[in-house]
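Input: a single structure, listed below in structure tokens.
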Amino acid sequence: MRYLIVLEPTATGYSAYSPDLPGCAATGSTQSDVEAKMRDAIELHLEGLREEGVPVPPGQSIATYVEVAA
């Protein structure tokens, strides 16, 4: 499965979340750290959904950049 994660810089490193999985988030000191933690968080989140009998949502979000005049 594939899920979009959004990374944001913070005062102490990075935070991340997945728009397709509300409540699934992680923090880390580096970009690679938060990506690894998000992978673990998503796996744990999906495991919890399955245990509760809740359907696992598909990854549907996409991201792109648009350019605007400065």
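Letters A, B, ... go to the chains of the structure tokens in the order shown; residues in each chain start at 1; ligands are counted from 1 in the same order.
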Might you pull out every residue within 10 Å of A:Asp20, with only C-alpha atoms counted and same-chain residues fewer than 5 positions away left off, and present them as an mmCIF file with N, CA, C and O atoms, in the first residue's frame?
data_model
loop_
_atom_site.group_PDB
_atom_site.id
_atom_site.type_symbol
_atom_site.label_atom_id
_atom_site.label_comp_id
_atom_site.auth_asym_id
_atom_site.auth_seq_id
_atom_site.Cartn_x
_atom_site.Cartn_y
_atom_site.Cartn_z
ATOM 1 N N TYR A 3 0.839 5.491 0.852
ATOM 2 C CA TYR A 3 0.154 6.628 1.442
ATOM 3 C C TYR A 3 1.022 7.876 1.328
ATOM 4 O O TYR A 3 2.225 7.827 1.576
ATOM 5 N N LEU A 4 0.388 8.974 0.994
ATOM 6 C CA LEU A 4 1.063 10.268 0.982
ATOM 7 C C LEU A 4 1.313 10.695 2.421
ATOM 8 O O LEU A 4 0.440 10.547 3.277
ATOM 9 N N ILE A 5 2.514 11.213 2.688
ATOM 10 C CA ILE A 5 2.771 11.851 3.969
ATOM 11 C C ILE A 5 3.228 13.278 3.704
ATOM 12 O O ILE A 5 3.905 13.553 2.717
ATOM 13 N N VAL A 56 -9.745 -0.528 6.055
ATOM 14 C CA VAL A 56 -8.509 0.224 5.830
ATOM 15 C C VAL A 56 -8.726 1.125 4.612
ATOM 16 O O VAL A 56 -9.018 0.638 3.526
ATOM 17 N N PRO A 57 -8.594 2.448 4.801
ATOM 18 C CA PRO A 57 -8.819 3.349 3.667
ATOM 19 C C PRO A 57 -7.672 3.254 2.664
ATOM 20 O O PRO A 57 -6.511 3.099 3.055
ATOM 21 N N PRO A 58 -8.003 3.341 1.404
ATOM 22 C CA PRO A 58 -6.933 3.339 0.397
ATOM 23 C C PRO A 58 -6.197 4.678 0.404
ATOM 24 O O PRO A 58 -6.757 5.699 0.807
ATOM 25 N N GLY A 59 -4.962 4.651 -0.015
ATOM 26 C CA GLY A 59 -4.226 5.894 -0.181
ATOM 27 C C GLY A 59 -4.726 6.595 -1.433
ATOM 28 O O GLY A 59 -4.583 6.063 -2.532
ATOM 29 N N GLN A 60 -5.358 7.745 -1.284
ATOM 30 C CA GLN A 60 -5.933 8.447 -2.422
ATOM 31 C C GLN A 60 -5.362 9.834 -2.633
ATOM 32 O O GLN A 60 -5.520 10.415 -3.707
ATOM 33 N N SER A 61 -4.726 10.390 -1.615
ATOM 34 C CA SER A 61 -4.229 11.762 -1.717
ATOM 35 C C SER A 61 -3.065 11.854 -2.692
ATOM 36 O O SER A 61 -2.268 10.929 -2.822
ATOM 37 N N ILE A 62 -2.998 12.977 -3.367
ATOM 38 C CA ILE A 62 -1.876 13.274 -4.243
ATOM 39 C C ILE A 62 -1.395 14.690 -3.912
ATOM 40 O O ILE A 62 -2.112 15.458 -3.271
#
Apply DSSP to the structure's backbone, then extract all residues of chain A labelled strand (DSSP E) and return them as a list in words. Val6, Leu7, Glu8, Pro9, Tyr14, Ser15, Ala16, Tyr17, Ala25, Ala26, Thr27 and Gly28 of chain A
Write the selection just made, keeping N, CA, C and O atoms, as a PDB file, in the first residue's frame?
ATOM      1  N   VAL A   6       2.817  14.171   4.567  1.00  0.00           N
ATOM      2  CA  VAL A   6       3.177  15.586   4.470  1.00  0.00           C
ATOM      3  C   VAL A   6       4.169  15.872   5.589  1.00  0.00           C
ATOM      4  O   VAL A   6       3.881  15.591   6.755  1.00  0.00           O
ATOM      5  N   LEU A   7       5.324  16.406   5.226  1.00  0.00           N
ATOM      6  CA  LEU A   7       6.358  16.748   6.202  1.00  0.00           C
ATOM      7  C   LEU A   7       6.402  18.255   6.371  1.00  0.00           C
ATOM      8  O   LEU A   7       6.313  18.990   5.381  1.00  0.00           O
ATOM      9  N   GLU A   8       6.532  18.677   7.619  1.00  0.00           N
ATOM     10  CA  GLU A   8       6.609  20.107   7.914  1.00  0.00           C
ATOM     11  C   GLU A   8       7.766  20.355   8.877  1.00  0.00           C
ATOM     12  O   GLU A   8       7.918  19.618   9.857  1.00  0.00           O
ATOM     13  N   PRO A   9       8.583  21.376   8.606  1.00  0.00           N
ATOM     14  CA  PRO A   9       9.657  21.696   9.543  1.00  0.00           C
ATOM     15  C   PRO A   9       9.079  22.285  10.833  1.00  0.00           C
ATOM     16  O   PRO A   9       8.057  22.971  10.805  1.00  0.00           O
ATOM     17  N   TYR A  14      11.155  17.886  12.471  1.00  0.00           N
ATOM     18  CA  TYR A  14      10.073  17.744  11.505  1.00  0.00           C
ATOM     19  C   TYR A  14       8.878  17.054  12.143  1.00  0.00           C
ATOM     20  O   TYR A  14       9.020  16.249  13.057  1.00  0.00           O
ATOM     21  N   SER A  15       7.702  17.352  11.613  1.00  0.00           N
ATOM     22  CA  SER A  15       6.501  16.599  11.940  1.00  0.00           C
ATOM     23  C   SER A  15       5.924  16.116  10.622  1.00  0.00           C
ATOM     24  O   SER A  15       6.221  16.662   9.560  1.00  0.00           O
ATOM     25  N   ALA A  16       5.100  15.070  10.693  1.00  0.00           N
ATOM     26  CA  ALA A  16       4.512  14.514   9.483  1.00  0.00           C
ATOM     27  C   ALA A  16       3.145  13.933   9.804  1.00  0.00           C
ATOM     28  O   ALA A  16       2.873  13.542  10.936  1.00  0.00           O
ATOM     29  N   TYR A  17       2.305  13.896   8.776  1.00  0.00           N
ATOM     30  CA  TYR A  17       0.988  13.277   8.908  1.00  0.00           C
ATOM     31  C   TYR A  17       0.575  12.759   7.542  1.00  0.00           C
ATOM     32  O   TYR A  17       1.151  13.117   6.514  1.00  0.00           O
ATOM     33  N   ALA A  25       0.245  10.452  12.876  1.00  0.00           N
ATOM     34  CA  ALA A  25       1.268  11.488  12.787  1.00  0.00           C
ATOM     35  C   ALA A  25       2.529  11.028  13.499  1.00  0.00           C
ATOM     36  O   ALA A  25       2.508  10.074  14.274  1.00  0.00           O
ATOM     37  N   ALA A  26       3.628  11.723  13.216  1.00  0.00           N
ATOM     38  CA  ALA A  26       4.902  11.419  13.869  1.00  0.00           C
ATOM     39  C   ALA A  26       5.772  12.666  13.856  1.00  0.00           C
ATOM     40  O   ALA A  26       5.532  13.606  13.099  1.00  0.00           O
ATOM     41  N   THR A  27       6.796  12.643  14.711  1.00  0.00           N
ATOM     42  CA  THR A  27       7.787  13.711  14.730  1.00  0.00           C
ATOM     43  C   THR A  27       9.171  13.074  14.713  1.00  0.00           C
ATOM     44  O   THR A  27       9.348  11.918  15.091  1.00  0.00           O
ATOM     45  N   GLY A  28      10.149  13.860  14.265  1.00  0.00           N
ATOM     46  CA  GLY A  28      11.520  13.376  14.254  1.00  0.00           C
ATOM     47  C   GLY A  28      12.492  14.523  14.152  1.00  0.00           C
ATOM     48  O   GLY A  28      12.126  15.637  13.780  1.00  0.00           O
TER      49      GLY A  28
END
Based on the backbone DSSP call, show me all residues of stretch 14-59 of chain A assigned helix (DSSP H, G or I), as a PyMOL selection string. chain A and resi 31-51
Could you dump the residues just selected with C-alpha atoms as an mmCIF file, in the first residue's frame?
data_model
loop_
_atom_site.group_PDB
_atom_site.id
_atom_site.type_symbol
_atom_site.label_atom_id
_atom_site.label_comp_id
_atom_site.auth_asym_id
_atom_site.auth_seq_id
_atom_site.Cartn_x
_atom_site.Cartn_y
_atom_site.Cartn_z
ATOM 1 C CA GLN A 31 13.598 14.319 7.557
ATOM 2 C CA SER A 32 14.754 10.711 7.261
ATOM 3 C CA ASP A 33 13.959 10.137 10.950
ATOM 4 C CA VAL A 34 10.381 11.378 10.627
ATOM 5 C CA GLU A 35 9.866 9.390 7.405
ATOM 6 C CA ALA A 36 10.943 6.183 9.161
ATOM 7 C CA LYS A 37 8.732 6.981 12.141
ATOM 8 C CA MET A 38 5.774 7.663 9.833
ATOM 9 C CA ARG A 39 6.275 4.305 8.137
ATOM 10 C CA ASP A 40 6.076 2.644 11.561
ATOM 11 C CA ALA A 41 3.117 4.820 12.585
ATOM 12 C CA ILE A 42 1.186 3.925 9.429
ATOM 13 C CA GLU A 43 1.819 0.218 9.906
ATOM 14 C CA LEU A 44 0.643 0.440 13.523
ATOM 15 C CA HIS A 45 -2.371 2.557 12.543
ATOM 16 C CA LEU A 46 -3.450 0.048 9.877
ATOM 17 C CA GLU A 47 -2.958 -2.845 12.291
ATOM 18 C CA GLY A 48 -5.223 -1.094 14.793
ATOM 19 C CA LEU A 49 -7.905 -0.505 12.171
ATOM 20 C CA ARG A 50 -7.835 -4.175 11.176
ATOM 21 C CA GLU A 51 -8.050 -5.326 14.801
#
For A:Pro19, which of A:Met1, A:Val68, A:Glu52, A:Ala63 is the closest residue, counting only C-alpha atoms?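 Among the listed residues, the smallest separation from A:Pro19 belongs to A:Ala63.
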